[in-house]
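Visitor: My structure is in final.txt, and what it holds is compact mmCIF, C-alpha atoms:
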```
# COMPACT_ATOMS: atom_id res chain seq x y z
CA MET N 17 -11.39 -139.52 -34.64
CA GLU N 18 -10.27 -142.71 -36.24
CA THR N 19 -10.65 -141.37 -39.71
CA ASN N 20 -8.98 -138.06 -38.86
CA LYS N 21 -6.13 -139.99 -37.41
CA ILE N 22 -5.72 -141.90 -40.65
CA ASP N 23 -5.74 -138.64 -42.62
CA LYS N 24 -3.17 -137.14 -40.32
CA ASN N 25 -0.91 -140.14 -40.56
CA ILE N 26 -1.07 -140.19 -44.31
CA LYS N 27 -0.50 -136.43 -44.62
CA GLU N 28 2.59 -136.62 -42.44
CA LYS N 29 3.99 -139.47 -44.42
CA PHE N 30 3.38 -137.79 -47.76
CA ALA N 31 4.38 -134.27 -46.74
CA ASN N 32 8.09 -134.71 -47.32
CA ARG N 33 8.00 -137.53 -49.80
CA THR N 34 10.33 -136.92 -52.75
CA PHE N 35 11.13 -138.60 -56.03
CA LYS N 36 14.20 -137.83 -58.03
CA PRO N 37 13.25 -136.76 -61.55
CA SER N 38 15.03 -138.45 -64.44
CA ALA N 39 18.32 -137.00 -65.71
CA SER N 40 16.69 -135.72 -68.88
CA ALA N 41 13.84 -133.94 -67.05
CA TRP N 42 15.52 -130.52 -66.98
CA GLU N 43 16.66 -130.84 -70.60
CA ARG N 44 13.12 -131.55 -71.70
CA LEU N 45 11.77 -128.65 -69.69
CA SER N 46 14.51 -126.38 -71.01
CA LEU N 47 13.52 -127.23 -74.59
CA GLN N 48 9.89 -126.45 -73.82
CA LEU N 49 10.93 -123.16 -72.25
CA ASN N 50 12.98 -122.28 -75.35
CA GLU N 51 9.93 -122.71 -77.52
CA GLN N 52 7.68 -120.79 -75.17
CA PRO N 53 9.38 -117.36 -75.23
CA LYS N 54 9.67 -117.44 -79.03
CA THR N 55 5.94 -117.68 -79.42
CA LYS N 56 5.53 -114.95 -76.83
CA LYS N 57 8.00 -112.68 -78.59
CA PHE N 58 6.31 -113.34 -81.89
CA GLY N 59 2.95 -112.51 -80.32
CA LEU N 60 4.32 -109.32 -78.87
CA LEU N 61 5.86 -108.32 -82.19
CA PHE N 62 2.66 -109.21 -84.00
CA TYR N 63 0.48 -107.12 -81.73
CA THR N 64 2.99 -104.28 -81.83
CA GLY N 65 2.90 -104.41 -85.63
CA VAL N 66 -0.90 -104.40 -85.69
CA ALA N 67 -1.02 -101.47 -83.28
CA ALA N 68 1.56 -99.55 -85.34
CA SER N 69 -0.39 -100.22 -88.56
CA ILE N 70 -3.63 -98.99 -87.03
CA LEU N 71 -1.88 -95.90 -85.72
CA LEU N 72 -0.38 -95.26 -89.14
CA LEU N 73 -3.76 -95.64 -90.86
CA VAL N 74 -5.41 -93.30 -88.38
CA THR N 75 -2.65 -90.73 -88.88
CA ILE N 76 -2.92 -90.93 -92.66
CA SER N 77 -6.72 -90.65 -92.47
CA ILE N 78 -6.48 -87.58 -90.27
CA GLN N 79 -3.97 -86.03 -92.65
CA ILE N 80 -6.20 -86.71 -95.64
CA PHE N 81 -9.34 -85.36 -94.02
CA ASN N 82 -7.57 -82.31 -92.66
CA ASN N 83 -6.12 -81.46 -96.05
CA ASP N 84 -9.35 -82.25 -97.88
CA SER N 85 -9.97 -78.67 -98.95
CA ASP N 86 -6.43 -78.35 -100.25
CA VAL N 87 -6.86 -81.44 -102.34
CA LEU N 88 -10.09 -80.25 -103.91
CA ILE N 89 -8.68 -76.90 -104.96
CA GLN N 90 -6.97 -77.36 -108.24
CA LYS N 91 -4.38 -75.01 -109.52
CA GLU N 92 -5.46 -72.88 -112.39
CA VAL N 93 -3.73 -73.86 -115.54
CA ILE N 94 -3.05 -70.87 -117.69
CA VAL N 95 -2.61 -71.76 -121.30
CA ILE N 96 -0.93 -69.10 -123.30
CA SER N 97 -1.74 -69.40 -126.96
CA PRO N 98 -0.39 -67.02 -129.54
CA ILE N 99 -2.92 -64.54 -130.94
CA ASP N 100 -2.97 -63.86 -134.62
CA LYS N 101 -2.60 -60.09 -134.41
CA LYS N 102 -2.81 -59.58 -138.12
CA HIS N 103 -6.10 -61.44 -138.29
CA PHE N 104 -7.60 -59.31 -135.55
CA ASP N 105 -6.22 -56.12 -137.05
CA MET N 106 -7.77 -56.99 -140.37
CA LYS N 107 -11.12 -57.68 -138.77
CA ILE N 108 -10.99 -54.41 -136.88
CA ASP N 109 -10.04 -52.57 -140.03
CA ASP N 110 -12.93 -54.19 -141.91
CA GLN N 111 -15.34 -53.13 -139.19
CA ILE N 112 -14.00 -49.60 -139.19
CA ASN N 113 -14.12 -49.38 -142.95
CA GLN N 114 -17.79 -50.25 -142.82
CA ILE N 115 -18.49 -47.27 -140.57
CA SER N 116 -20.01 -44.40 -142.52
CA PHE N 117 -18.97 -40.84 -141.92
CA PRO N 118 -22.08 -38.68 -142.24
CA GLU N 119 -20.12 -35.56 -141.29
CA VAL N 120 -18.40 -35.61 -144.63
CA LEU N 121 -21.69 -35.83 -146.46
CA VAL N 122 -23.17 -33.03 -144.40
CA LYS N 123 -20.28 -30.81 -145.29
CA ASN N 124 -20.79 -31.59 -148.93
CA GLU N 125 -24.42 -30.63 -148.60
CA VAL N 126 -23.33 -27.36 -147.11
CA LEU N 127 -21.11 -26.84 -150.07
CA GLU N 128 -23.97 -27.58 -152.45
CA LEU N 129 -26.17 -25.21 -150.54
CA LYS N 130 -23.54 -22.59 -150.75
CA GLN N 131 -23.38 -23.14 -154.49
CA GLU N 132 -27.06 -22.47 -154.74
CA ILE N 133 -26.83 -19.37 -152.62
CA ILE N 134 -23.89 -17.69 -154.27
CA ASN N 135 -24.64 -19.24 -157.61
CA LEU N 136 -20.98 -19.67 -158.24
CA PRO N 137 -18.96 -22.75 -159.21
CA VAL N 138 -17.20 -24.31 -156.24
CA ILE N 139 -14.31 -26.61 -156.73
CA ILE N 140 -13.20 -28.77 -153.91
CA ASN N 141 -9.68 -29.85 -153.84
CA LYS N 142 -10.15 -33.52 -153.74
CA ASN N 143 -6.60 -34.15 -152.68
CA SER N 144 -7.21 -32.42 -149.46
CA ILE N 145 -9.82 -34.95 -148.38
CA SER N 146 -8.16 -37.42 -146.21
CA LYS N 147 -9.48 -40.50 -144.66
CA PRO N 148 -10.94 -39.58 -141.29
CA ASP N 149 -9.15 -40.75 -138.31
CA LYS N 150 -10.81 -43.92 -137.08
CA PHE N 151 -10.98 -42.82 -133.49
CA ASN N 152 -10.94 -39.00 -133.67
CA LYS N 153 -13.38 -37.33 -135.96
CA LYS N 154 -12.05 -33.91 -135.01
CA ASN N 155 -9.14 -34.49 -137.34
CA LEU N 156 -11.37 -34.01 -140.30
CA SER N 157 -9.82 -31.31 -142.39
CA THR N 158 -11.86 -28.48 -143.55
CA ASN N 159 -12.10 -28.35 -147.27
CA GLU N 160 -10.33 -25.61 -149.02
CA ILE N 161 -12.71 -23.68 -151.08
CA VAL N 162 -11.39 -22.04 -154.12
CA GLY N 163 -13.75 -19.83 -155.90
CA ASN N 164 -13.86 -16.82 -158.13
CA LYS N 165 -11.54 -14.21 -156.71
CA ASP N 166 -13.95 -11.48 -157.34
CA ASP N 167 -14.30 -9.22 -154.28
CA VAL N 168 -18.05 -9.02 -154.79
CA ILE N 169 -18.50 -12.58 -154.00
CA SER N 170 -15.83 -12.91 -151.34
CA ASN N 171 -18.26 -11.80 -148.70
CA GLU N 172 -20.67 -14.42 -149.87
CA ILE N 173 -18.00 -17.02 -149.51
CA LYS N 174 -17.37 -15.90 -145.95
CA LYS N 175 -21.05 -16.20 -145.24
CA SER N 176 -21.10 -19.63 -146.67
CA LYS N 177 -18.23 -20.56 -144.36
CA GLU N 178 -20.26 -19.38 -141.40
CA ILE N 179 -23.20 -21.42 -142.56
CA LEU N 180 -20.86 -24.34 -142.99
CA ASN N 181 -19.82 -24.04 -139.40
CA HIS N 182 -23.21 -23.43 -137.80
CA LYS N 183 -26.00 -24.75 -139.96
CA ILE N 184 -27.02 -28.37 -140.28
CA LEU N 185 -28.58 -28.82 -143.63
CA LYS N 186 -30.50 -31.63 -145.20
CA GLN N 187 -28.85 -33.80 -147.82
CA ASN N 188 -29.64 -32.97 -151.40
CA PRO N 189 -30.03 -36.15 -153.46
CA ASN N 190 -28.87 -34.24 -156.56
CA SER N 191 -25.64 -33.10 -155.01
CA SER N 192 -22.35 -34.38 -156.46
CA ILE N 193 -18.75 -34.33 -155.46
CA LYS N 194 -15.48 -35.06 -157.18
CA ILE N 195 -13.02 -36.94 -155.13
CA ASN N 196 -9.50 -38.05 -155.85
CA ALA N 197 -9.63 -41.76 -156.64
CA ASP N 198 -6.46 -42.45 -154.73
CA ASP N 199 -7.86 -40.88 -151.59
CA LEU N 200 -11.04 -42.84 -151.96
CA LEU N 201 -8.98 -45.96 -152.45
CA TYR N 202 -7.16 -45.35 -149.26
CA ALA N 203 -10.41 -44.57 -147.52
CA VAL N 204 -11.88 -47.97 -148.27
CA THR N 205 -8.71 -49.93 -147.74
CA HIS N 206 -6.02 -48.93 -145.35
CA SER N 207 -5.14 -45.41 -144.45
CA SER N 208 -2.73 -43.76 -146.81
CA LYS N 209 -0.23 -43.64 -143.99
CA GLU N 210 -0.51 -47.36 -143.45
CA VAL N 211 -0.14 -48.20 -147.11
CA LYS N 212 2.67 -45.76 -147.59
CA ALA N 213 4.39 -47.07 -144.56
CA TYR N 214 4.04 -50.54 -145.97
CA TYR N 215 5.45 -49.48 -149.33
CA ALA N 216 8.29 -47.68 -147.61
CA LYS N 217 9.01 -50.65 -145.48
CA TYR N 218 9.34 -52.98 -148.43
CA ASN N 219 10.80 -50.30 -150.71
CA ILE N 220 7.93 -50.50 -153.18
CA ASN N 221 6.81 -47.76 -155.54
CA ARG N 222 3.06 -47.41 -155.80
CA GLU N 223 3.23 -46.33 -159.41
CA GLU N 224 5.20 -49.45 -160.25
CA VAL N 225 2.54 -51.50 -158.51
CA LEU N 226 -0.13 -49.85 -160.63
CA LYS N 227 1.92 -50.40 -163.79
CA THR N 228 2.41 -54.02 -162.92
CA ILE N 229 -1.33 -54.42 -162.41
CA LYS N 230 -2.00 -52.83 -165.78
CA SER N 231 0.50 -55.07 -167.53
CA GLU N 232 -0.90 -58.13 -165.84
CA LEU N 233 -4.41 -57.11 -166.88
CA LYS N 234 -3.22 -56.72 -170.44
CA LYS N 235 -1.76 -60.19 -170.34
CA SER N 236 -5.01 -61.65 -169.12
CA ASN N 237 -6.86 -59.65 -171.76
CA LEU N 238 -9.42 -58.42 -169.27
CA LYS N 239 -10.93 -54.98 -169.05
CA VAL N 240 -10.83 -54.22 -165.40
CA ASN N 241 -10.03 -50.91 -163.82
CA PRO N 242 -6.45 -51.27 -162.53
CA ASN N 243 -7.36 -49.03 -159.56
CA THR N 244 -9.96 -51.57 -158.48
CA ILE N 245 -7.29 -54.23 -158.45
CA LEU N 246 -4.93 -51.89 -156.63
CA ALA N 247 -7.64 -51.23 -154.06
CA GLU N 248 -8.11 -54.95 -153.52
CA VAL N 249 -4.36 -55.41 -153.26
CA GLU N 250 -4.01 -52.61 -150.74
CA ARG N 251 -7.01 -53.87 -148.80
CA SER N 252 -5.25 -57.15 -148.23
CA ILE N 253 -1.77 -55.70 -148.09
CA ASP N 254 -1.14 -57.20 -144.66
CA ASP N 255 -1.86 -60.74 -145.82
CA ASP N 256 0.87 -63.33 -145.69
CA PHE N 257 0.31 -63.54 -149.39
CA PHE N 258 2.60 -60.54 -150.02
CA GLU N 259 4.99 -61.15 -147.23
CA ASN N 260 7.81 -62.95 -149.04
CA ASN N 261 7.84 -61.38 -152.49
CA PHE N 262 5.40 -58.52 -152.98
CA MET N 263 5.59 -58.28 -156.76
CA LYS N 264 5.29 -61.98 -157.24
CA GLY N 265 2.35 -62.08 -154.85
CA LEU N 266 0.87 -59.08 -156.58
CA LYS N 267 0.99 -60.76 -160.00
CA LYS N 268 -0.64 -63.84 -158.56
CA ARG N 269 -3.26 -61.71 -156.88
CA VAL N 270 -4.04 -59.85 -160.10
CA SER N 271 -4.33 -63.13 -161.90
CA ASP N 272 -6.70 -64.51 -159.22
CA ILE N 273 -8.86 -61.39 -159.24
CA ALA N 274 -8.98 -61.40 -163.03
CA VAL N 275 -10.02 -65.03 -163.06
CA ALA N 276 -12.67 -64.34 -160.43
CA ILE N 277 -14.09 -61.40 -162.38
CA ALA N 278 -14.05 -63.43 -165.59
CA SER N 279 -15.90 -66.27 -163.86
CA ARG N 280 -18.45 -63.83 -162.49
CA ASN N 281 -19.02 -62.26 -165.93
CA ASN N 282 -19.48 -65.67 -167.48
CA MET O 10 19.35 -114.45 -40.23
CA LYS O 11 19.77 -117.65 -42.19
CA ILE O 12 16.06 -117.74 -43.05
CA ILE O 13 16.15 -114.14 -44.27
CA LYS O 14 19.24 -114.91 -46.37
CA LEU O 15 17.54 -117.94 -47.92
CA HIS O 16 14.43 -115.90 -48.61
CA ASN O 17 16.49 -113.22 -50.36
CA GLN O 18 18.31 -115.85 -52.40
CA GLN O 19 15.01 -117.34 -53.44
CA LYS O 20 13.70 -113.89 -54.37
CA LEU O 21 16.77 -113.28 -56.52
CA LEU O 22 16.35 -116.63 -58.22
CA ILE O 23 12.72 -115.87 -58.93
CA LYS O 24 13.65 -112.45 -60.33
CA LYS O 25 16.28 -113.96 -62.60
CA SER O 26 13.91 -116.71 -63.67
CA ILE O 27 11.31 -114.09 -64.65
CA ALA O 28 14.06 -112.54 -66.83
CA ASN O 29 14.36 -115.96 -68.49
CA ASN O 30 17.71 -116.79 -66.91
CA ARG O 31 18.13 -120.52 -67.55
CA GLU O 32 20.56 -121.12 -64.70
CA ALA O 33 18.21 -119.60 -62.17
CA GLN O 34 15.31 -121.58 -63.56
CA GLN O 35 17.36 -124.79 -63.35
CA GLN O 36 18.22 -124.04 -59.74
CA LEU O 37 14.55 -123.56 -58.87
CA PHE O 38 13.65 -126.74 -60.74
CA GLU O 39 16.29 -128.80 -58.93
CA GLN O 40 15.20 -127.36 -55.61
CA TYR O 41 11.49 -128.11 -55.90
CA SER O 42 11.09 -130.86 -58.50
CA PRO O 43 11.66 -133.90 -56.16
CA LYS O 44 8.92 -132.86 -53.79
CA MET O 45 6.60 -131.84 -56.60
CA LEU O 46 7.14 -135.14 -58.34
CA GLY O 47 5.87 -136.74 -55.11
CA VAL O 48 2.74 -134.60 -55.36
CA CYS O 49 2.16 -135.65 -58.95
CA ARG O 50 2.75 -139.26 -58.00
CA GLN O 51 -0.18 -139.06 -55.55
CA TYR O 52 -2.52 -138.57 -58.46
CA VAL O 53 -0.90 -140.75 -61.11
CA LYS O 54 0.31 -144.32 -60.53
CA ASP O 55 3.04 -144.30 -63.16
CA LEU O 56 6.12 -142.29 -62.14
CA HIS O 57 7.11 -141.44 -65.73
CA HIS O 58 3.65 -140.21 -66.33
CA ALA O 59 3.92 -138.20 -63.14
CA GLU O 60 7.16 -136.69 -64.40
CA ASP O 61 5.42 -135.54 -67.58
CA LEU O 62 2.86 -133.78 -65.42
CA LEU O 63 5.70 -132.34 -63.34
CA LEU O 64 7.28 -130.76 -66.44
CA GLN O 65 3.93 -129.38 -67.55
CA GLY O 66 3.51 -127.92 -64.10
CA PHE O 67 6.96 -126.31 -64.07
CA LEU O 68 6.36 -124.85 -67.50
CA LYS O 69 3.31 -123.12 -66.04
CA VAL O 70 5.39 -122.07 -63.01
CA PHE O 71 8.04 -120.33 -65.12
CA THR O 72 5.64 -118.70 -67.57
CA ASN O 73 3.48 -117.36 -64.71
CA LEU O 74 6.28 -116.55 -62.32
CA HIS O 75 5.74 -112.79 -62.70
CA LYS O 76 2.28 -113.29 -61.15
CA PHE O 77 3.78 -114.52 -57.88
CA LYS O 78 3.48 -111.64 -55.37
CA HIS O 79 5.74 -113.05 -52.62
CA GLU O 80 2.77 -112.92 -50.25
CA GLY O 81 2.66 -116.64 -49.36
CA SER O 82 4.89 -119.67 -49.53
CA PHE O 83 6.58 -120.11 -52.90
CA GLU O 84 6.51 -123.87 -52.41
CA GLY O 85 2.78 -123.77 -51.68
CA TRP O 86 2.26 -121.73 -54.87
CA ILE O 87 4.18 -124.28 -56.97
CA ARG O 88 2.41 -127.18 -55.24
CA ARG O 89 -0.99 -125.75 -56.08
CA ILE O 90 0.02 -125.41 -59.73
CA MET O 91 1.13 -129.06 -59.71
CA VAL O 92 -2.16 -130.26 -58.21
CA ASN O 93 -4.16 -128.24 -60.72
CA THR O 94 -2.08 -129.63 -63.56
CA CYS O 95 -2.80 -133.17 -62.39
CA LEU O 96 -6.53 -132.47 -61.93
CA SER O 97 -6.71 -130.88 -65.36
CA TYR O 98 -5.07 -133.91 -66.90
CA LEU O 99 -7.35 -136.37 -65.11
CA ARG O 100 -10.42 -134.33 -66.04
CA LYS O 101 -9.44 -134.32 -69.70
CA LYS O 102 -8.92 -138.07 -69.67
CA ASN O 103 -12.31 -138.58 -68.03
CA ILE O 104 -10.59 -140.74 -65.46
CA ILE O 105 -12.35 -139.13 -62.53
CA ASP O 106 -15.49 -141.06 -61.70
CA LEU O 107 -17.40 -139.21 -59.05
CA SER O 108 -20.60 -141.23 -59.23
CA ASP O 109 -21.96 -142.55 -55.97
CA GLU O 110 -21.28 -146.25 -55.86
CA ASP O 111 -22.11 -148.55 -53.04
CA TYR O 112 -19.20 -150.20 -51.42
CA VAL O 113 -19.36 -152.82 -48.74
CA PHE O 114 -17.37 -151.32 -45.89
CA ASN O 115 -15.75 -153.29 -43.21
CA ASP O 116 -15.97 -151.12 -40.09
CA SER O 117 -13.92 -153.58 -38.04
CA ALA O 118 -10.69 -151.96 -39.29
CA THR O 119 -9.32 -150.15 -36.28
CA GLU O 120 -5.65 -150.66 -36.72
CA SER O 121 -3.65 -147.52 -37.20
CA LEU O 122 -1.64 -146.76 -40.34
CA GLU O 123 1.20 -145.32 -38.30
CA ASN O 124 3.45 -148.30 -38.74
CA THR O 125 2.76 -148.69 -42.41
CA SER O 126 5.35 -147.40 -44.88
CA THR O 127 4.61 -144.56 -47.27
CA GLU O 128 4.99 -146.90 -50.22
CA ASP O 129 2.38 -149.24 -48.81
CA ILE O 130 0.01 -146.37 -48.13
CA GLN O 131 0.57 -145.17 -51.68
CA LYS O 132 -0.34 -148.62 -52.93
CA LEU O 133 -3.54 -148.51 -50.85
CA ILE O 134 -4.40 -145.09 -52.25
CA ASP O 135 -3.62 -146.25 -55.77
CA GLN O 136 -6.22 -149.00 -55.33
CA LEU O 137 -8.93 -146.40 -54.72
CA PRO O 138 -11.21 -145.43 -57.56
CA GLU O 139 -10.00 -142.20 -59.21
CA GLY O 140 -12.86 -140.10 -57.82
CA TYR O 141 -12.27 -141.24 -54.27
CA LYS O 142 -8.54 -140.92 -54.62
CA MET O 143 -8.87 -137.38 -55.97
CA VAL O 144 -11.07 -136.11 -53.16
CA PHE O 145 -9.00 -137.96 -50.55
CA ASN O 146 -5.72 -136.51 -51.85
CA LEU O 147 -7.10 -132.98 -51.99
CA PHE O 148 -8.72 -133.14 -48.59
CA ALA O 149 -6.36 -135.32 -46.53
CA ILE O 150 -2.98 -134.50 -48.08
CA GLU O 151 -3.33 -131.10 -49.75
CA GLY O 152 -5.61 -129.70 -47.09
CA TYR O 153 -8.33 -128.40 -49.41
CA LYS O 154 -11.74 -127.64 -47.95
CA HIS O 155 -14.83 -129.37 -49.29
CA SER O 156 -15.99 -126.11 -50.90
CA GLU O 157 -12.65 -125.81 -52.71
CA ILE O 158 -12.76 -129.42 -53.83
CA ALA O 159 -16.33 -128.99 -55.05
CA LYS O 160 -15.33 -125.93 -57.04
CA GLU O 161 -12.14 -127.50 -58.37
CA LEU O 162 -13.79 -130.72 -59.51
CA ASP O 163 -17.10 -129.09 -60.44
CA ILE O 164 -19.12 -131.24 -58.07
CA SER O 165 -21.54 -130.52 -55.25
CA LEU O 166 -20.38 -130.07 -51.66
CA SER O 167 -22.27 -133.20 -50.48
CA THR O 168 -20.67 -135.28 -53.23
CA SER O 169 -17.25 -134.16 -52.08
CA LYS O 170 -18.08 -135.17 -48.51
CA SER O 171 -19.57 -138.56 -49.41
CA GLN O 172 -16.63 -139.30 -51.73
CA LEU O 173 -14.21 -138.59 -48.91
CA PHE O 174 -16.15 -140.77 -46.50
CA LYS O 175 -16.25 -143.66 -48.93
CA ALA O 176 -12.56 -143.22 -49.75
CA ARG O 177 -11.60 -143.53 -46.12
CA LYS O 178 -13.72 -146.62 -45.58
CA LEU O 179 -12.34 -148.33 -48.67
CA LEU O 180 -8.80 -147.41 -47.66
CA GLN O 181 -9.36 -149.08 -44.28
CA GLN O 182 -10.86 -152.10 -45.97
CA ASN O 183 -7.92 -152.46 -48.29
CA TYR O 184 -5.50 -151.93 -45.44
CA ILE O 185 -7.07 -154.82 -43.51
CA LYS O 186 -6.88 -156.98 -46.63
CA MET O 187 -3.23 -156.06 -47.12
CA ASN O 188 -2.40 -156.90 -43.50
CA LYS O 189 -4.14 -160.21 -43.76
CA ALA O 190 -2.16 -161.02 -46.85
CA VAL O 191 1.18 -160.05 -45.21
CA HIS O 192 0.66 -161.53 -41.79
CA GLY O 193 -1.67 -164.37 -42.66
CA ASP O 194 -5.24 -164.91 -41.64
CA LYS O 195 -5.04 -165.36 -37.90
```
Taking this structure as input, can you express it in the form of structure tokens?
Guide:
Amino acid sequence: METNKIDKNIKEKFANRTFKPSASAWERLSLQLNEQPKTKKFGLLFYTGVAASILLLVTISIQIFNNDSDVLIQKEVIVISPIDKKHFDMKIDDQINQISFPEVLVKNEVLELKQEIINLPVIINKNSISKPDKFNKKNLSTNEIVGNKDDVISNEIKKSKEILNHKILKQNPNSSIKINADDLLYAVTHSSKEVKAYYAKYNINREEVLKTIKSELKKSNLKVNPNTILAEVERSIDDDFFENNFMKGLKKRVSDIAVAIASRNN
Amino acid sequence: MKIIKLHNQQKLLIKKSIANNREAQQQLFEQYSPKMLGVCRQYVKDLHHAEDLLLQGFLKVFTNLHKFKHEGSFEGWIRRIMVNTCLSYLRKKNIIDLSDEDYVFNDSATESLENTSTEDIQKLIDQLPEGYKMVFNLFAIEGYKHSEIAKELDISLSTSKSQLFKARKLLQQNYIKMNKAVHGDK
């Protein structure tokens, strides 16, 4: 009881005891309070910034992964490069020129056969042979056959025509045919239409071309068939070589060919 | 009616203080600081030092004011913060010595402390070793239970009890000594 009494007495005495703080106490506390919220605000801003950054990263990641397929697909880049039409045309023409036309030979055989049968001379108008159309063999013209106008043999001629149309005969190695050189030239180079069209386009006379070739050959003192040169010229008529000045290009071409032939002969 | 009005005023001050209103905070400080400085003085002999602890305590009060739920006494809430601030300080300084030391008690002291002034009692308490003083203050003045003291000071329950017992005895002993000195050895 004694001790409890002491405690009680002391508690009562201390319960309402007060001390007046110094005059600067509030000022000091106020300063501490001013510093306190700043750090709190900074902390709040800092954590807000961190949270916003994380959110931004997550959003960007989601965007990237969602659009992954779009990113991988690349747009096709179409590069348009000019095609050298002339080059391709020349190649095609070369290929076509290499194609043989057995139908023509077969017809010749028929003609030879007919000669044997009727035992009469047959003259084929060479001018009428035209270069076959490259894509339509049906355009082959039937040769005109001019023979003796004797009535006795006219029937035989008709028969031969029938044979020509229906029979397929074997080639005779001894058979011969006379063909116009110009037509043959066209056949191995360009079609006559093409060459003529070219000449017409550039207002060139073929005879003048041939004359020029001859004169050039004379100058070079070479014995070369001018038609061979003409064939070579017409084969490469589409080259850029002749584009600016045909005659000048032609002379140069003749000179080159002559030199080449001379070198070969040597 | 007056009590309700005062309670509402206090609530408003607390609300404004939470919103960092300096005037409201100053009003609360001026209202409670004298009494709280007395609390701090119980634990620390030097008044200036006690004032430092008072400011530390009020800083905690204002920064944690939003945690106050208006369920108990606001003064009691502030007082507890002040006591904890003082205990924390003393613990850090290793001032609290809670070892069991043998004191020679004079059980002849029967005179009551009723007629003794608060200042004299404070002087008697100040003469107590820190450990005794701490437990005595918490138990006798603040009204803590031994279990609370044990938890607060991180000591066993029996230590808290023995410290209180020894504190009382020493206080009596010192009181008798002080009386002898004042009134002469009769």
Visitor: Return the single residue from N:Asn25, N:Thr75, N:Thr228, N:Ser40 that is closest to N:Ser271, with distances computed using all atoms listed in the file.
Guide: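 Smallest distance to N:Ser271 is found for N:Thr228.
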Visitor: So that I can see what lies close to stretch 50-60 of chain O, please list as a ChimeraX atom specification the residues with an atom at most 8 Å from it, counting only C-alpha atoms and leaving out residues fewer than 3 positions away in the same chain.
Guide: /N:37,41 /O:46-47,63-64,95,131,135,142-143,146
Visitor: Tell me the residues of chain O close to chain N, meaning within 9 Å using all atoms listed in the file, as a PyMOL selection string.
Guide: chain O and resi 29+31+34-35+38-39+42-48+50-51+56-57+60-61+63-65+67-68+71-72+119+121-123+126-127+130-131+145-146+148-152+174+177-178+181
Visitor: Could you save the residues just selected, with C-alpha atoms, as a PDB file, keeping the file's coordinate frame?
Guide:
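The resulting result19.pdb:
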```
ATOM      1  CA  ASN O  29      14.360-115.960 -68.490  1.00  0.00           C
ATOM      2  CA  ARG O  31      18.130-120.520 -67.550  1.00  0.00           C
ATOM      3  CA  GLN O  34      15.310-121.580 -63.560  1.00  0.00           C
ATOM      4  CA  GLN O  35      17.360-124.790 -63.350  1.00  0.00           C
ATOM      5  CA  PHE O  38      13.650-126.740 -60.740  1.00  0.00           C
ATOM      6  CA  GLU O  39      16.290-128.800 -58.930  1.00  0.00           C
ATOM      7  CA  SER O  42      11.090-130.860 -58.500  1.00  0.00           C
ATOM      8  CA  PRO O  43      11.660-133.900 -56.160  1.00  0.00           C
ATOM      9  CA  LYS O  44       8.920-132.860 -53.790  1.00  0.00           C
ATOM     10  CA  MET O  45       6.600-131.840 -56.600  1.00  0.00           C
ATOM     11  CA  LEU O  46       7.140-135.140 -58.340  1.00  0.00           C
ATOM     12  CA  GLY O  47       5.870-136.740 -55.110  1.00  0.00           C
ATOM     13  CA  VAL O  48       2.740-134.600 -55.360  1.00  0.00           C
ATOM     14  CA  ARG O  50       2.750-139.260 -58.000  1.00  0.00           C
ATOM     15  CA  GLN O  51      -0.180-139.060 -55.550  1.00  0.00           C
ATOM     16  CA  LEU O  56       6.120-142.290 -62.140  1.00  0.00           C
ATOM     17  CA  HIS O  57       7.110-141.440 -65.730  1.00  0.00           C
ATOM     18  CA  GLU O  60       7.160-136.690 -64.400  1.00  0.00           C
ATOM     19  CA  ASP O  61       5.420-135.540 -67.580  1.00  0.00           C
ATOM     20  CA  LEU O  63       5.700-132.340 -63.340  1.00  0.00           C
ATOM     21  CA  LEU O  64       7.280-130.760 -66.440  1.00  0.00           C
ATOM     22  CA  GLN O  65       3.930-129.380 -67.550  1.00  0.00           C
ATOM     23  CA  PHE O  67       6.960-126.310 -64.070  1.00  0.00           C
ATOM     24  CA  LEU O  68       6.360-124.850 -67.500  1.00  0.00           C
ATOM     25  CA  PHE O  71       8.040-120.330 -65.120  1.00  0.00           C
ATOM     26  CA  THR O  72       5.640-118.700 -67.570  1.00  0.00           C
ATOM     27  CA  THR O 119      -9.320-150.150 -36.280  1.00  0.00           C
ATOM     28  CA  SER O 121      -3.650-147.520 -37.200  1.00  0.00           C
ATOM     29  CA  LEU O 122      -1.640-146.760 -40.340  1.00  0.00           C
ATOM     30  CA  GLU O 123       1.200-145.320 -38.300  1.00  0.00           C
ATOM     31  CA  SER O 126       5.350-147.400 -44.880  1.00  0.00           C
ATOM     32  CA  THR O 127       4.610-144.560 -47.270  1.00  0.00           C
ATOM     33  CA  ILE O 130       0.010-146.370 -48.130  1.00  0.00           C
ATOM     34  CA  GLN O 131       0.570-145.170 -51.680  1.00  0.00           C
ATOM     35  CA  PHE O 145      -9.000-137.960 -50.550  1.00  0.00           C
ATOM     36  CA  ASN O 146      -5.720-136.510 -51.850  1.00  0.00           C
ATOM     37  CA  PHE O 148      -8.720-133.140 -48.590  1.00  0.00           C
ATOM     38  CA  ALA O 149      -6.360-135.320 -46.530  1.00  0.00           C
ATOM     39  CA  ILE O 150      -2.980-134.500 -48.080  1.00  0.00           C
ATOM     40  CA  GLU O 151      -3.330-131.100 -49.750  1.00  0.00           C
ATOM     41  CA  GLY O 152      -5.610-129.700 -47.090  1.00  0.00           C
ATOM     42  CA  PHE O 174     -16.150-140.770 -46.500  1.00  0.00           C
ATOM     43  CA  ARG O 177     -11.600-143.530 -46.120  1.00  0.00           C
ATOM     44  CA  LYS O 178     -13.720-146.620 -45.580  1.00  0.00           C
ATOM     45  CA  GLN O 181      -9.360-149.080 -44.280  1.00  0.00           C
TER      46      GLN O 181
END
```
